[in-house]
Amino acid sequence: MRVLPPALLTALVASACSSAPPPSPPPPAPAASSAPLPASAATSASTPAPEGPPVAAVKETRDEYFGKEILDPYRWMETDSPEFSAWMKGQSDHTRKVLDAIEVQAWLRARVRELDNAGARVANVQRRGGKTFALEAEPGRDNYKLYVREGLSADKRLLVDPEALSKNGAHVSIDYYTPSNDAKYVAYGLSQGGSEMSSIHVLETATGKELPDVIDRARYANVSWLDGKSFLYKRDRKLPPDAPATERFTKARVHLHVLGQDPEKDEPLFGSGLSPEITVPDDAFPLPYAPASSPYAFVSLEHGVQPEMSLYYAPKKSLQGVKTPWKKLVDPKDEITGFEVHGDDLFLVSHHGASRSKVLRTSLKKPDVAKAAEVVPASEAVVSWIGAAKDALYVRKLDGGIGRLFRVPFDKGKPEPVDVGAEGSVRGFVVEESIPGALVRLDAWTAAPRMLAFDPVKKSAEVTPIIPPSSVVFKDIVATETKAKSADGTLVPLSIIHGKDLPRDGKNPTYLNGYGSYGSVYEPSFEPMNLAWLERGGIVAVCHVRGGGEYGEDWHRAGKLATKPNTIADFVACAEHLVAEKWTSPAHLAGQGTSAGGIMIGGAIVRRPDLFGAAVIRVGMVNALRFEQIPIGPFNTGEFGTVTTKEGFDMLLAIDAYHAVESGKKYPAVLLTTGITDPRVSPWQMAKMAAKLQAVRGENPILLRVDYGSGHGIGSTKTQREEELADVFSFLTWRIGRK
C-alpha cells in the first residue's frame, strides 16, 4: 500500500520495552543465562547515593497566549549554548554514576545482551526480479546489514555493511532501500549517528559495486524506480545553516534522477511552487510511486501527519520537469488513506463513512472516486494494509488488534481468508506485482516471529529461512488480554504479559507501556530482551489507548486534538485496573511512553503521581506548547493543535506535562532518555522536563540519560538499544522491585 505511515514523520512506536524491531522463531528450549544472578536481583537493587545532578539556572520567560500568561523558566535550553551543553553533560554523567551503582545493573546488561544475540533480527523484507532482499542484524553484530537471496531459500549474500562505513566513532545506518524492478540495482539511504539525515547511494546487485551517484538531503526519499536507469525520489530543499529548524523539512519536491547524472541537475517534477495549477502546502510531503505494471507515475501528497492524502498521476512518458501534466485523483475530503495499482485498476483504502475502513476500486482510464466500486466492505475488523501481487490483491485486517490476511482475486471475487497454517498475528506481508502469492510475517507477544511463503495455487504456506531461528523461548510466559474502564466508561484493551503461575498479590513489578497517536496500532510483537524482566517475576503490559488505531479512525479521533486527554485518561485507567486486580500496586508500578507517547506518560504522572512508583519517558513530547518549534513540529498541528489559535492553545496546554509540574507535589522516580541527534523530538524537551522535576526537590530521583551517539532510536545500533534497556530495567528494579 502506498502511503507514508505517520510514525515516519513523528514517532517511533517501540516494542514493549525496546525500540528494536522484533526478531525471530522459537526452538525447543529457553536460553540459559551465562551470567550469575546477584542475590538481590530478583527483588530490589541497592540504592546508589552519588552526588546530585547539576542544578539548572532559572531564566524566566513570560509568554501571553490569548490573555493567559505562561511562565517558562527553562526556555533558554531551546538554544544551543556552552551553558546548556555543560548542563547536559553534567546530567549525563550523574545519571551514569547512579545507574552504574545499582547492584543488578551489570548482570542485566549481560543478560539483555545475551538475549538480544540469541538470534538474528530481520526487518524490511522486499522482493524484486526473483530476488529477496532484507535488512538483518546477525547475532554478535551491531547494526543492520543489507542482504540478497536468489529466491526464498538460497543462501544470503551481503550487499551493504554499514559497520564497515562507520568513521571516527560515529556509526552509519541504513535508513531505507529500494531495488530496481529487475533487481539490477539497489538505491539505499545512509545516515550517521541515528540522525536520519539520509543520503541516497546506488549499487549494482550482481557485483556489489558502488555507483558514483550520491544524493544528499534525502530523508524519507521514497525512491521509486521508473526503469533500469532512473528513479523518482523526494528531496528536501537546500537551506543555509542558520535557517530556522522549523523550515528544515518544508517545501520538499519530487525529482527524477538518471544514473550517472549530477544530482544537482535532477529536474523537479512535483512540489511547492512548481505549478500555478497545483497548490502544495509547505508542510506536505510529496511521495512518488511508479509501479512497473502501470503506464502511470503517482505522487501521494501527505498533509502533515493527517491520514487523509491527496493523490496525483501522470503518464510516465509525459514526465518533463515542471511541464509534467499531473492530474488530481484524490482529495483529503475523499478520506483516502492508502492506495495500490494493478494494471488500469486503482485500489483505494477509504474511511469515508467507514471508521474501520473499506477498499474501493476505480479505473485509471476513467477514474471516479465518488463512484468507485466496493471491493472489501467495511466490517468490525480494521483494514490496515493492501498490496497487489500478480494473482490478487492482499488485504491485512486487524481484528481486536490481531492481524489477519485476506486474498481478493482481481476478477472481482470476494475476500478469502488466507490460512497460513500457523498461530500468530499477521504483522505484515510482502507482495511483488510480478510474483503470485505473499510472504507473511507472523508475530506474537510470547513467541518469536516467522516468515512464511503463501502459495495461492496450493492454498498453503511454508516457513522460509528469511527469519532465522532464535534460541529464546518464553517458557511458562503467557499473555492475558483484558479491558479497563476509562473515566468516561470506554473499555480500553489491555495486554498483560506475565509468568503463567505469577501470584496476584499486588507486589509484582509491572512495566506499563502505551503510545496512542496518529492512529498507530500497538500490535503483538516478540521482544526477547524482555525475558530479562519477565523471568524474574516482572510484568510487561500494554495499554491500547485512544489516539491509536486499534478500532479504526474513530478510535484515533477519540484521542487527538481536543480529545487528546482521553489518551492520558485511558492510560491511567489501565494502571488503576492493574492495581485493582492485584497484578501490582502503585509502589511496584511504572509507566512508559516513547516519543508522542510522552504526552501520555507525562500527563499520567502529573495527574496521578500517587499511582506510579516510577516512570520512563523515552525521547518524549512533554512540552506541547513549544512542540511547533522543533523541526517536525509544523507537520503535527493536525494531530495536536497549534498555539496560533485560541482553541489550539487550550488543547496544547491541556496535554503539556512540563507546565503542569507543581512545587510541593510528590512525583514518582523518573528516568528520561534522549539522543543528542534526535531530529523528531529535540533533546531540549527532555532537558526542560528533567530540570522542572528536579527543581521540585522531591525525595525520588529524576535522571536524564543522554546518548551522544544516537537520535530518536531509528538507526541506533544493537549495543545502544541493549544498553538503554539494561539501564531502564536496572532503574525499575531499583525503584519498583519487590522489597
# chains A, B, ... in the order shown; residues from 1 in each chain; ligands from 1
>>> select_by_dssp(residues="range 375-572 of chain A", states="strand (DSSP E)", output="short mmCIF file (atom, residue, chain, number, x, y, z; two decimals) with C-alpha atoms, in the first residue's frame")
data_model
loop_
_atom_site.label_atom_id
_atom_site.label_comp_id
_atom_site.auth_asym_id
_atom_site.auth_seq_id
_atom_site.Cartn_x
_atom_site.Cartn_y
_atom_site.Cartn_z
CA VAL A 375 -14.10 -4.45 -3.18
CA VAL A 376 -13.73 -5.08 0.56
CA VAL A 382 -9.87 -2.64 10.59
CA VAL A 383 -8.39 -2.62 7.07
CA SER A 384 -4.78 -1.67 7.77
CA TRP A 385 -2.81 -2.51 4.62
CA ILE A 386 -3.23 -3.64 1.00
CA GLY A 387 -0.79 -4.91 -1.62
CA ALA A 388 -1.07 -6.08 -5.21
CA ALA A 392 -4.63 -10.96 -6.38
CA LEU A 393 -4.97 -8.05 -4.02
CA TYR A 394 -3.90 -8.98 -0.50
CA VAL A 395 -5.54 -7.21 2.43
CA ARG A 396 -4.48 -7.18 6.08
CA LYS A 397 -7.19 -6.61 8.69
CA LEU A 398 -6.85 -6.06 12.42
CA ASP A 399 -9.48 -7.86 14.47
CA ILE A 402 -4.76 -9.31 15.85
CA GLY A 403 -3.68 -9.23 12.20
CA ARG A 404 -5.40 -11.47 9.65
CA LEU A 405 -4.69 -11.75 5.91
CA PHE A 406 -7.26 -11.90 3.09
CA ARG A 407 -6.92 -12.50 -0.64
CA VAL A 408 -9.14 -10.70 -3.18
CA PRO A 409 -8.92 -12.13 -6.75
CA GLU A 416 -10.95 -15.05 1.02
CA PRO A 417 -9.22 -15.67 4.38
CA SER A 425 -0.81 -12.27 14.32
CA VAL A 426 -0.06 -11.21 10.73
CA ARG A 427 2.25 -8.28 11.47
CA GLY A 428 3.00 -7.63 7.82
CA PHE A 429 3.21 -9.15 4.36
CA VAL A 430 5.32 -8.71 1.24
CA VAL A 431 3.99 -8.90 -2.32
CA GLU A 432 5.53 -8.18 -5.71
CA ILE A 435 5.08 -12.82 -8.45
CA PRO A 436 1.94 -14.65 -7.24
CA GLY A 437 1.36 -15.15 -3.51
CA ALA A 438 2.76 -13.36 -0.49
CA LEU A 439 5.41 -13.55 2.17
CA VAL A 440 3.66 -13.35 5.54
CA ARG A 441 5.21 -12.36 8.85
CA LEU A 442 3.62 -13.81 11.99
CA ASP A 443 4.23 -12.28 15.41
CA ARG A 450 8.28 -16.42 11.43
CA MET A 451 8.24 -15.56 7.74
CA LEU A 452 6.05 -17.87 5.64
CA ALA A 453 5.55 -18.05 1.88
CA PHE A 454 1.89 -18.39 0.88
CA ASP A 455 1.24 -20.24 -2.41
CA SER A 460 -0.87 -23.28 1.84
CA ALA A 461 2.16 -21.64 3.39
CA GLU A 462 5.66 -22.88 4.22
CA VAL A 463 8.18 -21.44 6.65
CA ILE A 477 5.16 -16.90 29.93
CA VAL A 478 1.61 -16.12 28.77
CA ALA A 479 -0.37 -13.13 27.52
CA THR A 480 -3.67 -12.17 29.14
CA GLU A 481 -5.98 -9.90 27.13
CA THR A 482 -8.48 -7.85 29.11
CA LYS A 483 -10.08 -4.38 29.15
CA ALA A 484 -10.01 -1.47 31.58
CA LYS A 485 -12.86 1.02 32.03
CA LEU A 491 -13.43 -0.04 27.58
CA VAL A 492 -9.73 0.12 26.74
CA PRO A 493 -7.84 -3.04 25.63
CA LEU A 494 -5.01 -4.06 27.93
CA SER A 495 -2.40 -6.74 27.14
CA ILE A 496 -0.59 -8.29 30.12
CA ILE A 497 2.48 -10.47 29.54
CA HIS A 498 3.46 -12.43 32.65
CA GLY A 499 4.57 -15.72 34.17
CA THR A 510 4.93 -4.05 36.42
CA TYR A 511 6.07 -2.09 33.37
CA LEU A 512 3.05 -0.50 31.66
CA ASN A 513 3.56 0.83 28.12
CA GLY A 514 1.42 2.76 25.66
CA ILE A 539 5.14 -7.99 34.19
CA VAL A 540 5.11 -6.18 30.85
CA ALA A 541 1.74 -4.61 29.99
CA VAL A 542 0.50 -2.61 27.02
CA CYS A 543 -2.45 -0.21 27.24
#
>>> select_by_dssp(residues="range 445-620 of chain A", states="alpha helix (DSSP H)", output="count of residues only")
36
>>> residues_around(residues="Asp554 in chain A", least_positions_apart="2", cutoff="12 Å", atoms="only C-alpha atoms", output="PyMOL selection string")
chain A and resi 351-357+382+518-519+546-552+556-560+563
>>> closest_atom_pairs(of="range 209-240 of chain A", to="range 313-320 of chain A", cutoff="12 Å", atoms="only C-alpha atoms", output="Markdown table")
| residue | atom | partner | partner_atom | distance |
| --- | --- | --- | --- | --- |
| A:Trp225 | CA | A:Lys316 | CA | 11.3 |
| A:Leu226 | CA | A:Lys316 | CA | 7.9 |
| A:Asp227 | CA | A:Lys316 | CA | 10.2 |
| A:Ser230 | CA | A:Lys316 | CA | 11.8 |
| A:Phe231 | CA | A:Lys316 | CA | 11.4 |
| A:Leu232 | CA | A:Leu319 | CA | 10.4 |
>>> write_last_selection(atoms="N, CA and C atoms", output="PDB file, in the first residue's frame")
ATOM      1  N   TRP A 225      11.696   3.312  -8.680  1.00  0.00           N
ATOM      2  CA  TRP A 225      12.374   3.189  -9.971  1.00  0.00           C
ATOM      3  C   TRP A 225      11.379   3.316 -11.125  1.00  0.00           C
ATOM      4  N   LEU A 226      11.773   4.108 -12.118  1.00  0.00           N
ATOM      5  CA  LEU A 226      10.978   4.233 -13.345  1.00  0.00           C
ATOM      6  C   LEU A 226      11.326   3.120 -14.323  1.00  0.00           C
ATOM      7  N   ASP A 227      12.600   2.855 -14.439  1.00  0.00           N
ATOM      8  CA  ASP A 227      13.110   1.819 -15.339  1.00  0.00           C
ATOM      9  C   ASP A 227      14.450   1.362 -14.790  1.00  0.00           C
ATOM     10  N   SER A 230      16.749   4.911 -14.086  1.00  0.00           N
ATOM     11  CA  SER A 230      16.310   6.165 -13.476  1.00  0.00           C
ATOM     12  C   SER A 230      15.274   5.897 -12.392  1.00  0.00           C
ATOM     13  N   PHE A 231      15.167   6.827 -11.452  1.00  0.00           N
ATOM     14  CA  PHE A 231      14.171   6.692 -10.388  1.00  0.00           C
ATOM     15  C   PHE A 231      13.664   8.056  -9.942  1.00  0.00           C
ATOM     16  N   LEU A 232      12.483   8.026  -9.324  1.00  0.00           N
ATOM     17  CA  LEU A 232      11.897   9.203  -8.702  1.00  0.00           C
ATOM     18  C   LEU A 232      12.232   9.185  -7.208  1.00  0.00           C
TER      19      LEU A 232
END
>>> residues_around(residues="Asn222 in chain A", least_positions_apart="2", cutoff="9 Å", atoms="only C-alpha atoms", output="list of chain:residue names")
A:Leu4, A:Tyr176, A:Tyr177, A:Thr178, A:Ala218, A:Arg219, A:Tyr220, A:Ser224, A:Leu232, A:Tyr233, A:Lys234, A:Leu287, A:Pro288, A:Tyr289
>>> write_last_selection(atoms="N, CA and C atoms", output="PDB file, in the first residue's frame")
ATOM      1  N   LEU A   4       2.682   7.006   3.383  1.00  0.00           N
ATOM      2  CA  LEU A   4       3.714   7.155   4.391  1.00  0.00           C
ATOM      3  C   LEU A   4       3.108   7.039   5.771  1.00  0.00           C
ATOM      4  N   TYR A 176      16.728   3.130   4.620  1.00  0.00           N
ATOM      5  CA  TYR A 176      15.754   2.550   3.688  1.00  0.00           C
ATOM      6  C   TYR A 176      16.510   2.017   2.481  1.00  0.00           C
ATOM      7  N   TYR A 177      15.836   1.215   1.666  1.00  0.00           N
ATOM      8  CA  TYR A 177      16.436   0.767   0.406  1.00  0.00           C
ATOM      9  C   TYR A 177      15.319   0.407  -0.562  1.00  0.00           C
ATOM     10  N   THR A 178      15.608   0.486  -1.853  1.00  0.00           N
ATOM     11  CA  THR A 178      14.646   0.095  -2.888  1.00  0.00           C
ATOM     12  C   THR A 178      15.380  -0.536  -4.063  1.00  0.00           C
ATOM     13  N   ALA A 218      18.090  13.609   1.499  1.00  0.00           N
ATOM     14  CA  ALA A 218      17.155  12.580   1.028  1.00  0.00           C
ATOM     15  C   ALA A 218      16.507  11.839   2.189  1.00  0.00           C
ATOM     16  N   ARG A 219      16.059  12.581   3.201  1.00  0.00           N
ATOM     17  CA  ARG A 219      15.355  11.974   4.331  1.00  0.00           C
ATOM     18  C   ARG A 219      14.002  11.466   3.843  1.00  0.00           C
ATOM     19  N   TYR A 220      13.707  10.170   4.086  1.00  0.00           N
ATOM     20  CA  TYR A 220      12.461   9.548   3.617  1.00  0.00           C
ATOM     21  C   TYR A 220      12.244   9.814   2.127  1.00  0.00           C
ATOM     22  N   SER A 224      11.498   5.390  -5.995  1.00  0.00           N
ATOM     23  CA  SER A 224      10.676   4.507  -6.829  1.00  0.00           C
ATOM     24  C   SER A 224      11.260   4.493  -8.236  1.00  0.00           C
ATOM     25  N   LEU A 232      12.483   8.026  -9.324  1.00  0.00           N
ATOM     26  CA  LEU A 232      11.897   9.203  -8.702  1.00  0.00           C
ATOM     27  C   LEU A 232      12.232   9.185  -7.208  1.00  0.00           C
ATOM     28  N   TYR A 233      12.353  10.361  -6.611  1.00  0.00           N
ATOM     29  CA  TYR A 233      12.627  10.418  -5.175  1.00  0.00           C
ATOM     30  C   TYR A 233      12.222  11.781  -4.630  1.00  0.00           C
ATOM     31  N   LYS A 234      11.963  11.828  -3.330  1.00  0.00           N
ATOM     32  CA  LYS A 234      11.673  13.096  -2.651  1.00  0.00           C
ATOM     33  C   LYS A 234      12.973  13.661  -2.101  1.00  0.00           C
ATOM     34  N   LEU A 287       5.264  12.156  -2.162  1.00  0.00           N
ATOM     35  CA  LEU A 287       5.943  10.863  -2.223  1.00  0.00           C
ATOM     36  C   LEU A 287       5.645  10.169  -3.549  1.00  0.00           C
ATOM     37  N   PRO A 288       6.674   9.845  -4.332  1.00  0.00           N
ATOM     38  CA  PRO A 288       6.458   9.260  -5.654  1.00  0.00           C
ATOM     39  C   PRO A 288       6.273   7.757  -5.624  1.00  0.00           C
ATOM     40  N   TYR A 289       5.608   7.249  -6.665  1.00  0.00           N
ATOM     41  CA  TYR A 289       5.441   5.803  -6.844  1.00  0.00           C
ATOM     42  C   TYR A 289       5.239   5.538  -8.326  1.00  0.00           C
TER      43      TYR A 289
END
>>> residues_around(residues="Val670 in chain A", least_positions_apart="4", cutoff="7 Å", atoms="only C-alpha atoms", output="count of residues only")
6
>>> residues_around(residues="Ser663 in chain A", least_positions_apart="3", cutoff="10 Å", atoms="only C-alpha atoms", output="list in words")
Ala660, Lys666, Tyr667, Lys692, Leu693, Ala695, Val696, Arg697 and Gly698 of chain A
>>> residues_around(residues="Ala687 in chain A", least_positions_apart="4", cutoff="10 Å", atoms="only C-alpha atoms", output="PyMOL selection string")
chain A and resi 56+74+77-78+84+87-88+91+672-674+682-683+691-692+704-706
>>> write_last_selection(atoms="N, CA and C atoms", output="CSV table (one decimal), in the first residue's frame")
chain,number,residue,atom,x,y,z
A,56,ALA,N,19.8,23.4,37.2
A,56,ALA,CA,19.6,24.3,36.1
A,56,ALA,C,19.3,25.7,36.5
A,74,TYR,N,12.8,27.5,31.8
A,74,TYR,CA,14.0,26.9,31.1
A,74,TYR,C,13.9,27.0,29.6
A,77,MET,N,17.1,26.7,27.3
A,77,MET,CA,17.6,25.4,26.9
A,77,MET,C,17.3,25.1,25.4
A,78,GLU,N,16.3,25.8,24.8
A,78,GLU,CA,15.9,25.5,23.5
A,78,GLU,C,17.0,26.0,22.5
A,84,PHE,N,24.2,25.2,28.2
A,84,PHE,CA,23.3,24.1,28.0
A,84,PHE,C,24.1,22.8,27.8
A,87,TRP,N,25.5,21.7,31.1
A,87,TRP,CA,24.5,21.1,32.0
A,87,TRP,C,24.1,19.7,31.5
A,88,MET,N,23.9,19.5,30.2
A,88,MET,CA,23.5,18.2,29.7
A,88,MET,C,24.6,17.2,30.0
A,91,GLN,N,24.4,16.3,33.6
A,91,GLN,CA,23.2,15.4,33.9
A,91,GLN,C,23.6,14.0,33.4
A,672,LEU,N,14.4,9.9,32.2
A,672,LEU,CA,14.1,10.5,30.9
A,672,LEU,C,15.3,10.2,30.0
A,673,THR,N,15.0,9.8,28.7
A,673,THR,CA,16.1,9.5,27.8
A,673,THR,C,16.0,10.3,26.6
A,674,THR,N,17.2,10.7,26.0
A,674,THR,CA,17.2,11.4,24.8
A,674,THR,C,18.5,11.1,24.0
A,682,SER,N,13.2,17.2,19.8
A,682,SER,CA,14.5,17.8,20.1
A,682,SER,C,14.9,17.5,21.6
A,683,PRO,N,16.2,17.3,21.9
A,683,PRO,CA,16.6,16.9,23.2
A,683,PRO,C,16.2,17.9,24.3
A,691,ALA,N,14.7,19.3,34.3
A,691,ALA,CA,15.0,20.4,35.1
A,691,ALA,C,13.8,20.8,36.0
A,692,LYS,N,12.6,20.8,35.4
A,692,LYS,CA,11.4,21.2,36.1
A,692,LYS,C,11.1,20.2,37.3
A,704,LEU,N,18.3,12.1,33.9
A,704,LEU,CA,18.3,12.4,32.4
A,704,LEU,C,19.4,11.6,31.8
A,705,ARG,N,19.1,10.6,30.9
A,705,ARG,CA,20.0,9.8,30.2
A,705,ARG,C,20.2,10.4,28.8
A,706,VAL,N,21.5,10.7,28.5
A,706,VAL,CA,21.8,11.3,27.2
A,706,VAL,C,22.7,10.4,26.4
>>> closest_residue(among="A:Trp734, A:Trp533, A:Phe347, A:Tyr515", to="Ser595 in chain A", atoms="only C-alpha atoms")
A:Tyr515
